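Below is run-v2.txt, which holds compact mmCIF, C-alpha atoms and all ligand atoms.
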# COMPACT_ATOMS: atom_id res chain seq x y z
CA MET A 251 121.39 128.75 121.14
CA ASP A 252 118.27 126.66 120.55
CA HIS A 253 115.18 128.34 119.12
CA PHE A 254 113.05 126.24 121.50
CA SER A 255 113.03 126.75 125.27
CA PRO A 256 114.85 123.95 127.16
CA ASP A 257 111.51 122.63 128.47
CA LEU A 258 109.87 122.52 125.06
CA LEU A 259 112.91 120.91 123.47
CA ALA A 260 112.86 118.24 126.20
CA GLU A 261 109.16 117.61 125.51
CA ILE A 262 109.80 117.41 121.76
CA ARG A 263 112.70 114.99 122.24
CA ASN A 264 110.58 112.80 124.45
CA LYS A 265 108.15 112.21 121.58
CA PHE A 266 110.79 110.38 119.50
CA ALA A 267 112.11 106.84 119.82
CA PHE A 268 115.86 106.31 120.24
CA ILE A 269 116.57 110.03 120.55
CA GLU A 270 119.75 109.49 122.58
CA ASP A 271 120.55 105.82 122.18
CA CYS A 272 121.06 103.50 119.27
CA PRO A 273 119.63 100.02 120.00
CA PHE A 274 122.83 98.48 118.61
CA GLU A 275 125.54 100.87 119.70
CA GLY A 276 124.29 102.63 122.82
CA LYS A 277 124.56 106.36 123.47
CA ARG A 278 124.94 108.46 120.34
CA ILE A 279 124.08 111.80 118.82
CA PHE A 280 121.97 111.38 115.70
CA PHE A 281 122.99 113.56 112.76
CA GLU A 282 121.92 111.08 110.09
CA ASN A 283 118.42 112.48 109.65
CA ALA A 284 118.74 112.68 105.87
CA GLY A 285 119.31 108.91 105.88
CA GLY A 286 116.12 108.49 107.91
CA ALA A 287 114.70 110.78 110.59
CA LEU A 288 113.88 109.57 114.08
CA THR A 289 110.50 107.88 114.46
CA LEU A 290 107.70 109.25 116.61
CA LYS A 291 106.83 106.95 119.51
CA SER A 292 103.17 107.33 118.48
CA VAL A 293 104.07 105.94 115.03
CA VAL A 294 105.68 102.89 116.63
CA GLU A 295 102.55 102.23 118.68
CA THR A 296 100.19 102.78 115.76
CA SER A 297 102.22 100.53 113.47
CA SER A 298 102.17 97.65 115.88
CA LYS A 299 98.43 98.11 116.54
CA PHE A 300 97.52 97.95 112.85
CA ALA A 301 99.98 95.15 112.05
CA ALA A 302 97.86 92.89 114.26
CA ILE A 303 94.51 93.63 112.56
CA PRO A 304 93.67 90.94 109.97
CA ASP A 305 90.72 92.65 108.29
CA ASN A 306 90.76 93.99 104.77
CA GLN A 307 89.12 97.12 103.43
CA GLY A 308 85.93 97.20 101.34
CA ARG A 309 83.73 94.99 103.57
CA THR A 310 80.65 95.88 105.56
CA ASN A 311 81.95 94.52 108.87
CA ALA A 312 82.82 96.97 111.65
CA ALA A 313 86.59 96.46 111.41
CA SER A 314 86.66 97.08 107.68
CA VAL A 315 84.48 100.18 107.95
CA ALA A 316 86.76 101.52 110.71
CA LEU A 317 89.89 100.89 108.61
CA MET A 318 88.44 102.77 105.65
CA ALA A 319 87.44 105.68 107.88
CA ILE A 320 91.02 105.85 109.21
CA ILE A 321 92.40 105.98 105.65
CA GLN A 322 89.95 108.77 104.72
CA GLU A 323 90.88 110.73 107.83
CA ALA A 324 94.60 110.33 107.06
CA LYS A 325 94.02 111.70 103.55
CA LYS A 326 92.27 114.74 105.04
CA ASP A 327 95.14 115.19 107.49
CA ALA A 328 97.60 114.98 104.58
CA SER A 329 95.66 117.66 102.65
CA ARG A 330 96.15 120.05 105.56
CA LEU A 331 99.78 119.07 106.04
CA PHE A 332 100.66 119.51 102.37
CA GLY A 333 98.32 122.45 101.71
CA SER A 334 96.36 120.78 98.89
CA SER A 335 92.69 121.44 98.23
CA THR A 336 92.57 119.34 95.03
CA GLY A 337 94.15 116.10 93.79
CA GLN A 338 94.60 112.97 95.88
CA PHE A 339 97.08 111.08 98.06
CA PHE A 340 98.13 107.46 97.77
CA VAL A 341 100.80 105.16 99.17
CA GLY A 342 103.39 103.08 97.36
CA GLU A 343 106.48 101.01 98.04
CA SER A 344 108.92 103.94 98.59
CA GLY A 345 109.62 107.51 97.52
CA THR A 346 111.61 106.19 94.57
CA GLU A 347 108.86 103.85 93.42
CA LEU A 348 106.23 106.59 93.59
CA LEU A 349 108.40 109.04 91.67
CA PHE A 350 108.93 106.38 89.00
CA ARG A 351 105.18 105.77 88.88
CA LEU A 352 104.32 109.46 88.57
CA VAL A 353 106.98 110.06 85.92
CA ARG A 354 106.01 106.91 83.99
CA ASN A 355 102.32 107.78 83.93
CA ALA A 356 102.99 111.40 82.99
CA ALA A 357 105.45 110.41 80.22
CA THR A 358 103.17 107.79 78.71
CA SER A 359 100.00 109.86 78.86
CA ALA A 360 101.45 113.16 77.58
CA LYS A 361 101.01 114.14 73.94
CA VAL A 362 103.55 112.21 71.80
CA GLY A 363 106.84 113.85 70.82
CA GLY A 364 108.53 116.77 72.52
CA ASN A 365 111.14 116.49 75.26
CA ILE A 366 111.57 115.76 78.95
CA VAL A 367 113.54 118.14 81.20
CA GLY A 368 115.28 117.45 84.51
CA SER A 369 118.25 118.80 86.43
CA SER A 370 121.68 117.55 87.52
CA PHE A 371 120.60 118.81 90.96
CA GLU A 372 118.19 115.87 91.38
CA HIS A 373 118.43 112.61 93.29
CA PRO A 374 118.64 109.55 90.98
CA ALA A 375 115.03 108.69 91.81
CA THR A 376 113.65 111.33 89.42
CA ARG A 377 116.65 111.53 87.10
CA SER A 378 116.63 107.77 86.44
CA ALA A 379 112.87 107.71 85.92
CA ALA A 380 112.87 110.72 83.61
CA LYS A 381 115.81 109.47 81.53
CA HIS A 382 114.38 105.97 81.30
CA TRP A 383 110.94 107.18 80.21
CA ALA A 384 112.43 109.73 77.82
CA SER A 385 114.17 106.87 76.08
CA GLN A 386 111.11 104.55 76.20
CA THR A 387 108.86 107.26 74.75
CA GLU A 388 111.48 108.34 72.17
CA ARG A 389 111.91 111.82 73.52
CA LYS A 390 115.06 113.81 74.10
CA TYR A 391 116.06 114.24 77.76
CA ILE A 392 117.47 117.73 78.39
CA ASN A 393 119.47 118.59 81.49
CA VAL A 394 119.33 121.82 83.49
CA GLN A 395 122.81 122.12 84.97
CA HIS A 396 122.66 123.17 88.63
CA GLU A 397 124.85 125.85 90.22
CA ASP A 398 127.90 124.49 92.03
CA SER A 399 128.53 127.60 94.07
CA ASN A 400 125.08 127.70 95.71
CA GLY A 401 124.39 123.97 95.49
CA ASP A 402 120.97 124.54 93.92
CA VAL A 403 119.08 125.25 90.69
CA THR A 404 116.97 128.30 89.86
CA ALA A 405 113.86 129.22 87.87
CA GLN A 406 116.06 131.17 85.47
CA LEU A 407 118.16 128.09 84.70
CA TYR A 408 115.00 126.05 84.01
CA SER A 409 113.69 128.88 81.75
CA GLN A 410 116.79 128.63 79.56
CA ILE A 411 116.16 124.93 78.87
CA VAL A 412 112.38 124.36 78.90
CA ASN A 413 110.70 125.03 75.51
CA PRO A 414 107.12 124.89 74.21
CA ASP A 415 107.65 121.20 73.28
CA THR A 416 108.52 120.18 76.83
CA ARG A 417 106.06 117.50 77.98
CA LEU A 418 107.38 116.62 81.42
CA VAL A 419 109.70 118.30 83.95
CA THR A 420 111.14 116.91 87.17
CA ILE A 421 112.22 119.07 90.12
CA LEU A 422 113.98 118.30 93.41
CA HIS A 423 112.62 120.44 96.27
CA ALA A 424 115.72 120.09 98.50
CA SER A 425 118.93 118.16 97.97
CA PRO A 426 120.04 115.43 100.39
CA VAL A 427 123.64 116.14 99.33
CA THR A 428 123.92 119.94 99.30
CA GLY A 429 121.12 120.55 101.84
CA ILE A 430 119.85 123.46 99.76
CA SER A 431 116.19 123.93 98.77
CA VAL A 432 114.87 125.54 95.61
CA ASP A 433 112.10 128.08 94.98
CA LEU A 434 109.60 125.51 93.73
CA GLU A 435 106.83 128.01 93.08
CA ALA A 436 109.11 130.17 90.93
CA ILE A 437 110.50 127.20 88.98
CA ALA A 438 107.01 125.80 88.29
CA ALA A 439 105.77 129.27 87.22
CA ALA A 440 108.75 129.65 84.87
CA ILE A 441 108.02 126.23 83.33
CA ARG A 442 104.30 126.95 82.95
CA SER A 443 104.99 130.29 81.25
CA ILE A 444 106.87 128.44 78.49
CA ALA A 445 105.19 125.00 78.42
CA PRO A 446 101.78 125.38 80.11
CA GLU A 447 100.75 121.78 79.42
CA ALA A 448 103.93 120.13 80.73
CA PHE A 449 103.54 117.73 83.64
CA ILE A 450 105.63 118.75 86.65
CA ILE A 451 106.69 116.02 89.08
CA VAL A 452 108.46 116.98 92.31
CA ASP A 453 110.71 114.98 94.62
CA GLY A 454 109.92 116.28 98.12
CA VAL A 455 111.63 113.43 99.98
CA GLN A 456 114.41 115.50 101.53
CA TYR A 457 112.39 118.69 101.94
CA ALA A 458 109.38 117.27 103.81
CA ALA A 459 110.76 117.15 107.37
CA HIS A 460 112.11 120.67 107.24
CA GLY A 461 109.07 122.82 107.22
CA GLY A 462 106.11 123.90 105.20
CA ILE A 463 104.80 122.36 101.99
CA ASN A 464 102.04 124.19 100.12
CA ILE A 465 100.98 122.22 97.06
CA ASP A 466 98.16 124.65 96.13
CA GLN A 467 100.79 127.33 95.61
CA TYR A 468 103.07 125.31 93.34
CA ASN A 469 100.87 124.45 90.34
CA ILE A 470 102.41 121.01 89.89
CA ASP A 471 101.16 117.48 89.05
CA GLY A 472 102.94 115.19 91.47
CA TYR A 473 104.77 115.42 94.80
CA ALA A 474 106.29 112.41 96.59
CA ILE A 475 107.77 112.00 100.06
CA SER A 476 109.29 109.14 102.07
CA PRO A 477 107.56 109.00 105.47
CA TYR A 478 110.66 107.48 107.12
CA LYS A 479 112.32 110.84 106.50
CA MET A 480 109.37 112.67 108.08
CA TYR A 481 109.16 111.08 111.55
CA SER A 482 107.09 108.11 110.39
CA ARG A 483 108.60 104.75 109.45
CA HIS A 484 110.13 102.65 106.70
CA GLY A 485 108.06 100.46 104.41
CA TYR A 486 106.06 102.87 102.28
CA GLY A 487 106.13 106.07 100.24
CA PHE A 488 103.45 108.76 100.11
CA ALA A 489 102.45 110.81 97.08
CA TRP A 490 100.06 113.48 95.92
CA VAL A 491 98.84 113.59 92.32
CA SER A 492 96.94 116.37 90.53
CA ASP A 493 93.43 115.95 89.14
CA ARG A 494 94.86 116.82 85.73
CA LEU A 495 97.25 113.84 85.74
CA THR A 496 94.49 111.61 87.18
CA GLN A 497 92.27 112.54 84.23
CA MET A 498 94.95 111.31 81.81
CA LYS A 499 95.13 107.63 80.88
CA HIS A 500 97.06 106.24 83.85
CA GLU A 501 97.78 102.71 85.12
CA GLN A 502 94.83 101.22 86.98
CA LEU A 503 92.86 98.01 87.42
CA LEU A 504 90.70 97.09 84.44
CA ASP A 505 87.14 98.31 84.88
CA GLY A 506 88.06 99.86 88.25
CA PRO A 507 87.23 103.48 89.18
CA ASP A 508 88.89 105.93 86.75
CA ASP A 509 90.40 108.10 89.43
CA ASN A 510 92.11 105.35 91.43
CA TRP A 511 95.90 105.41 91.96
CA GLU A 512 96.03 102.76 94.66
CA LEU A 513 97.20 99.38 93.43
CA GLY A 514 96.27 96.48 95.68
CA THR A 515 95.44 96.24 99.36
CA ARG A 516 96.46 99.26 101.37
CA ASP A 517 98.29 99.12 104.69
CA THR A 518 95.94 101.06 106.96
CA GLY A 519 98.78 101.41 109.48
CA SER A 520 100.87 103.41 107.01
CA TYR A 521 98.03 105.90 106.51
CA ALA A 522 97.38 106.03 110.25
CA THR A 523 101.00 106.99 110.88
CA ILE A 524 100.61 109.98 108.55
CA SER A 525 97.85 111.11 110.92
CA ASP A 526 100.31 110.61 113.82
CA VAL A 527 102.81 112.92 112.10
CA VAL A 528 100.10 115.54 111.59
CA LYS A 529 98.96 115.22 115.22
CA TYR A 530 102.53 115.68 116.39
CA LEU A 531 103.01 118.79 114.26
CA GLU A 532 99.70 120.21 115.47
CA TRP A 533 100.80 119.57 119.04
CA LEU A 534 104.06 121.41 118.32
CA GLY A 535 102.24 124.29 116.62
CA GLY A 536 99.87 124.50 119.59
CA LYS A 537 102.88 125.02 121.86
CA ILE A 538 103.88 128.05 119.81
CA GLU A 539 100.47 129.75 119.76
CA ASN A 540 97.20 128.98 121.47
CA THR A 541 94.75 128.58 118.59
CA ASP A 542 91.94 126.24 117.53
CA SER A 543 92.91 126.39 113.88
CA ARG A 544 94.66 123.18 112.87
CA SER A 545 96.11 124.85 109.77
CA VAL A 546 97.58 127.68 111.84
CA LYS A 547 99.12 125.09 114.17
CA LEU A 548 100.74 123.33 111.21
CA TYR A 549 101.98 126.63 109.83
CA ASN A 550 103.46 127.60 113.20
CA ALA A 551 105.09 124.20 113.59
CA ALA A 552 106.72 124.54 110.16
CA LYS A 553 108.05 127.99 111.03
CA ALA A 554 109.39 126.83 114.40
CA ILE A 555 111.05 123.76 112.84
CA ALA A 556 112.78 125.96 110.28
CA ALA A 557 113.91 128.41 112.99
CA GLN A 558 115.40 125.64 115.16
CA GLU A 559 117.20 124.11 112.19
CA ILE A 560 118.61 127.48 111.14
CA ALA A 561 119.87 127.99 114.71
CA LEU A 562 121.55 124.57 114.60
CA THR A 563 123.19 124.87 111.18
CA GLU A 564 124.37 128.43 111.87
CA LEU A 565 125.93 127.28 115.12
CA MET A 566 127.58 124.39 113.25
CA ILE A 567 129.09 126.73 110.69
CA ASP A 568 129.86 129.78 112.86
CA GLY A 569 130.73 128.16 116.21
CA GLU A 570 130.24 129.89 119.54
CA ASP A 571 132.63 131.57 122.02
CA ASN A 572 135.80 129.50 122.04
CA ILE A 573 134.32 126.61 120.08
CA LYS A 574 135.34 127.02 116.46
CA GLY A 575 132.66 126.47 113.82
CA LEU A 576 133.19 124.63 110.54
CA LYS A 577 134.11 127.85 108.75
CA ASP A 578 137.08 128.43 111.05
CA LEU A 579 138.38 124.87 111.08
CA LYS A 580 141.51 124.37 109.01
CA GLY A 581 140.96 123.12 105.47
CA ILE A 582 137.19 122.67 105.73
CA GLU A 583 135.16 123.41 102.60
CA ILE A 584 131.37 123.58 102.76
CA ILE A 585 129.08 122.73 99.84
CA GLY A 586 126.74 125.62 98.99
CA GLY A 587 128.87 128.14 100.89
CA GLU A 588 129.02 129.28 104.52
CA LYS A 589 125.97 131.52 104.37
CA ASN A 590 123.10 130.13 102.37
CA LEU A 591 119.55 131.26 103.15
CA ASN A 592 118.09 128.19 101.43
CA ARG A 593 119.89 125.65 103.60
CA LYS A 594 117.49 123.12 105.15
CA GLY A 595 119.04 121.41 108.15
CA LEU A 596 121.96 119.83 106.35
CA VAL A 597 125.64 120.69 105.97
CA SER A 598 128.01 118.72 103.73
CA PHE A 599 131.72 119.45 103.92
CA ARG A 600 135.17 117.95 103.51
CA ILE A 601 138.61 118.54 104.93
CA ASN A 602 140.74 118.76 101.83
CA GLY A 603 143.26 115.90 101.76
CA ILE A 604 141.49 113.73 104.36
CA PRO A 605 139.14 110.95 103.21
CA SER A 606 135.68 111.76 104.58
CA GLN A 607 135.30 108.18 105.79
CA VAL A 608 138.18 108.77 108.24
CA LEU A 609 136.32 111.72 109.70
CA VAL A 610 132.97 109.90 109.84
CA ASP A 611 134.64 106.94 111.63
CA PHE A 612 136.37 109.31 114.07
CA LEU A 613 133.03 110.98 114.88
CA ASN A 614 131.32 107.61 115.18
CA ASP A 615 133.92 106.54 117.76
CA LYS A 616 132.95 109.67 119.71
CA GLY A 617 129.27 108.63 119.58
CA ILE A 618 128.34 111.12 116.84
CA ARG A 619 126.62 109.58 113.84
CA THR A 620 127.12 111.32 110.50
CA HIS A 621 127.41 109.92 107.00
CA VAL A 622 129.88 109.89 104.12
CA ARG A 623 128.58 110.71 100.64
CA LYS A 624 130.76 109.43 97.82
CA ALA A 625 130.91 110.48 94.18
CA ASP A 626 128.84 107.42 93.24
CA HIS A 627 125.52 107.06 91.44
CA TYR A 628 123.76 108.79 94.35
CA SER A 629 125.96 111.85 94.85
CA GLY A 630 128.34 111.97 91.86
CA ASN A 631 126.07 114.55 90.15
CA ILE A 632 126.91 117.03 92.93
CA LEU A 633 130.46 115.94 93.91
CA ASP A 634 131.97 115.29 90.44
CA PRO A 635 131.53 118.87 89.16
CA LEU A 636 133.20 120.10 92.36
CA GLY A 637 136.09 117.68 91.79
CA TRP A 638 135.39 116.06 95.19
CA GLU A 639 135.62 112.32 95.83
CA ASP A 640 133.47 112.47 98.94
CA CYS A 641 132.08 114.61 101.73
CA VAL A 642 130.84 114.34 105.30
CA ARG A 643 127.10 114.94 105.62
CA VAL A 644 125.74 116.24 108.93
CA SER A 645 121.96 116.32 108.78
CA VAL A 646 119.88 117.68 111.63
CA CYS A 647 116.20 117.84 112.51
CA HIS A 648 114.39 120.22 114.84
CA TYR A 649 114.69 117.76 117.76
CA ASN A 650 118.48 118.03 117.70
CA SER A 651 119.97 120.45 120.21
CA SER A 652 122.68 123.09 120.23
CA GLU A 653 124.44 120.98 122.90
CA GLU A 654 124.69 118.17 120.35
CA ILE A 655 126.10 120.56 117.73
CA LYS A 656 128.70 121.75 120.22
CA SER A 657 129.74 118.14 120.87
CA LEU A 658 130.24 117.73 117.11
CA LEU A 659 132.34 120.90 116.91
CA LEU A 660 134.43 119.92 119.95
CA ALA A 661 135.12 116.54 118.35
CA LEU A 662 136.13 118.22 115.07
CA ASN A 663 138.37 120.67 116.96
CA GLU A 664 140.01 117.64 118.63
CA PHE A 665 140.40 115.86 115.27
CA GLN A 666 142.42 118.81 114.01
CA LEU A 667 144.72 118.72 117.04
CA ASP A 668 145.54 115.01 116.59
C1 LIG B 701 115.70 113.56 97.59
C2 LIG B 701 115.48 112.09 97.70
N1 LIG B 701 114.75 111.47 96.76
C3 LIG B 701 114.50 110.15 96.83
C4 LIG B 701 115.01 109.40 97.85
C5 LIG B 701 114.69 107.93 97.90
O1 LIG B 701 113.65 107.69 98.80
P1 LIG B 701 113.21 106.19 99.13
O2 LIG B 701 114.30 105.63 99.96
O3 LIG B 701 111.91 106.31 99.88
O4 LIG B 701 113.03 105.49 97.86
C6 LIG B 701 115.81 109.99 98.83
C7 LIG B 701 116.37 109.19 99.93
O5 LIG B 701 117.07 109.64 100.77
C8 LIG B 701 116.04 111.38 98.76
O6 LIG B 701 116.77 112.01 99.68
Please render this file's structure as structure tokens.
Amino acid sequence: MDHFSPDLLAEIRNKFAFIEDCPFEGKRIFFENAGGALTLKSVVETSSKFAAIPDNQGRTNAASVALMAIIQEAKKDASRLFGSSTGQFFVGESGTELLFRLVRNAATSAKVGGNIVGSSFEHPATRSAAKHWASQTERKYINVQHEDSNGDVTAQLYSQIVNPDTRLVTILHASPVTGISVDLEAIAAAIRSIAPEAFIIVDGVQYAAHGGINIDQYNIDGYAISPYKMYSRHGYGFAWVSDRLTQMKHEQLLDGPDDNWELGTRDTGSYATISDVVKYLEWLGGKIENTDSRSVKLYNAAKAIAAQEIALTELMIDGEDNIKGLKDLKGIEIIGGEKNLNRKGLVSFRINGIPSQVLVDFLNDKGIRTHVRKADHYSGNILDPLGWEDCVRVSVCHYNSSEEIKSLLLALNEFQLD
């Protein structure tokens, strides 16, 4: 059953573009949210509005002043959304580019020597950046091996690897392959207790859409997301950086302001769409509880999103009445186990002996869009240790419905009968 009432779910769904139809393929159910979530209709409107405005920032004319005010407002909105009372936000080319930039600046400004620590749990965005900059700065890169059985990595595992010489640590908040999130606060605290000066850079790209980020609680130095995976659009990444890292010698324009992280002309439309995301979440939070507090609305929205996604993934795994769930379908194996309290809207599985592509194509023919992950440079870190060549990834968001999950399960039941 859905966590949301049918009326509220219908209202939520109506806020997103292409919720039921693909512009190329027609009617479909969208379970490819980890590849890119659906886009808010308000984001589409805002993007087109700002794409048409020729003015640049930093002038005294009315248009320029308005654009700068919109950027400032978006940064304030982002502070509420991400729970940060210090540091600053800036945009870049993509989540990957921003993670590279944060890692590069942290690695090159940290005290010379020492080591850099990351985990096999991570997406290549942080792993590649950390390994590259470990080599460029002549430091050893040390790996924290993740846990296959739970599909995650823990504070205790980081504690065994981090040492007082650790200068930089990367962490993935939630995996786009296993679907499991980590206890970021505990991992950062464990790192700080051993290497208090280490820079901590976090990949929040997969986590962001699934409820509740609180940067003030984490004690970290960088956090990056990809807005196209959080109901905004493609074309830019969004990052937060700590005041501590800003005070280090970081890349910036010669003779420009010391605290600047923005390189070149900013796309006001990208910032404005962050405000659209915040407005949407506040609207959703306002449906849960009647309050004037914008932070309470955001908190309630995050809780409701998590509750709907738990309802959906539990239904997917357990089934309902005479519809068998994944756990009861013959030969299905689920990454991270059947019951995993840290699952964030994503289930990856395989049917042993059947190439996952066959299953994904079968579901696609039934109008259900999922995705195959292969043991390549994106997912090999998770699939290789399991001895898997591939898996089917079903990734949901809070706007998906239990009816859609049942359609998936019915199709999988039918696949097994064929
Ligand atoms: C965890 C994680 N990190 C990084 C990325 C890359 O983000 P981008 O496509 O914005 O570079 C992804 C993309 O799906 C991801 O899931």
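By chain and then residue number, the residues within 10 Å of Thr336 of chain A are Ser329, Gly333, Ser334, Gln338, Phe339, Ile465, Asp466, Trp490, Val491, Ser492, Asp493 and Arg494 of chain A, counting all atoms listed in the file and disregarding those fewer than 2 positions away in sequence.
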Find the residues near ligand LIG 701 (chain B). Use a cut-off of 8 Å, count all atoms listed in the file, and write them as a short mmCIF file (atom, residue, chain, number, x, y, z; two decimals) with C-alpha atoms, in the frame of the given file.
data_model
loop_
_atom_site.label_atom_id
_atom_site.label_comp_id
_atom_site.auth_asym_id
_atom_site.auth_seq_id
_atom_site.Cartn_x
_atom_site.Cartn_y
_atom_site.Cartn_z
CA ALA A 284 118.74 112.68 105.87
CA GLY A 285 119.31 108.91 105.88
CA GLY A 286 116.12 108.49 107.91
CA GLU A 343 106.48 101.01 98.04
CA SER A 344 108.92 103.94 98.59
CA GLY A 345 109.62 107.51 97.52
CA THR A 346 111.61 106.19 94.57
CA GLU A 347 108.86 103.85 93.42
CA GLU A 372 118.19 115.87 91.38
CA HIS A 373 118.43 112.61 93.29
CA PRO A 374 118.64 109.55 90.98
CA ALA A 375 115.03 108.69 91.81
CA THR A 376 113.65 111.33 89.42
CA LEU A 422 113.98 118.30 93.41
CA HIS A 423 112.62 120.44 96.27
CA ALA A 424 115.72 120.09 98.50
CA SER A 425 118.93 118.16 97.97
CA PRO A 426 120.04 115.43 100.39
CA ASP A 453 110.71 114.98 94.62
CA GLY A 454 109.92 116.28 98.12
CA VAL A 455 111.63 113.43 99.98
CA GLN A 456 114.41 115.50 101.53
CA TYR A 457 112.39 118.69 101.94
CA ILE A 475 107.77 112.00 100.06
CA SER A 476 109.29 109.14 102.07
CA PRO A 477 107.56 109.00 105.47
CA TYR A 478 110.66 107.48 107.12
CA LYS A 479 112.32 110.84 106.50
CA HIS A 484 110.13 102.65 106.70
CA TYR A 486 106.06 102.87 102.28
CA GLY A 487 106.13 106.07 100.24
#
Using all atoms of segment 544-562 of chain A listed in the file and a margin of 8 Å per side, can you give the axis-aligned box centre and edge lengths in Å to one decimal, as lines of an AutoDock Vina configuration file?
center_x = 108.1
center_y = 125.8
center_z = 112.5
size_x = 42.9
size_y = 21.2
size_z = 21.4
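Between Leu609 of chain A and the candidates A:Met566, A:Cys647, A:Ala661, A:Ser652, the tightest atom-to-atom separation, counting only C-alpha atoms, involves A:Ala661.
From atom CA of Ala380 of chain A back to atom CA of Ala357 of chain A, the distance works out to 8.2 Å.
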(request) Would you kindly identify which residues have an atom no farther than 6 Å from (105.2, 103.4, 112.0), using only C-alpha atoms and the file's own coordinates, and write them out as an NGL selection string? (result) :A and (293-294 or 297 or 482-483 or 523)
Write out the residues from the selection above, keeping C-alpha atoms, as a PDB file, in the coordinates of the input.
ATOM      1  CA  VAL A 293     104.070 105.940 115.030  1.00  0.00           C
ATOM      2  CA  VAL A 294     105.680 102.890 116.630  1.00  0.00           C
ATOM      3  CA  SER A 297     102.220 100.530 113.470  1.00  0.00           C
ATOM      4  CA  SER A 482     107.090 108.110 110.390  1.00  0.00           C
ATOM      5  CA  ARG A 483     108.600 104.750 109.450  1.00  0.00           C
ATOM      6  CA  THR A 523     101.000 106.990 110.880  1.00  0.00           C
TER       7      THR A 523
END
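Candidate residues A:Ser335, A:Asn469, A:Thr420, A:Gln406 were compared for distance to Val353 of chain A, and the nearest is A:Thr420, using only C-alpha atoms.
Each of A:Asn355, A:Arg417, A:Asp542, A:Ile444 was checked against Trp511 of chain A using all atoms listed in the file; the smallest atom-to-atom distance is that of A:Asn355.
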(request) Write out as a ChimeraX atom specification which residues come within 12 Å of Glu501 of chain A when counting all atoms listed in the file, dropping same-chain ones fewer than 3 positions away. (result) /A:351-359,495-498,504-513
(message) Could you list, as a ChimeraX atom specification, every residue within 12 Å of Ala552 of chain A, counting all atoms listed in the file and ignoring same-chain residues fewer than 2 positions away?
(response) /A:331-332,457-464,528,530-536,538,545-550,554-559,594,647-648
(request) Please identify all polymer residues within 10 Å of segment 307-314 of chain A, counting all atoms listed in the file, omitting same-chain residues fewer than 4 positions from it, and present them as a VMD selection string. (result) chain A and resid 303 318 to 321 515 to 518
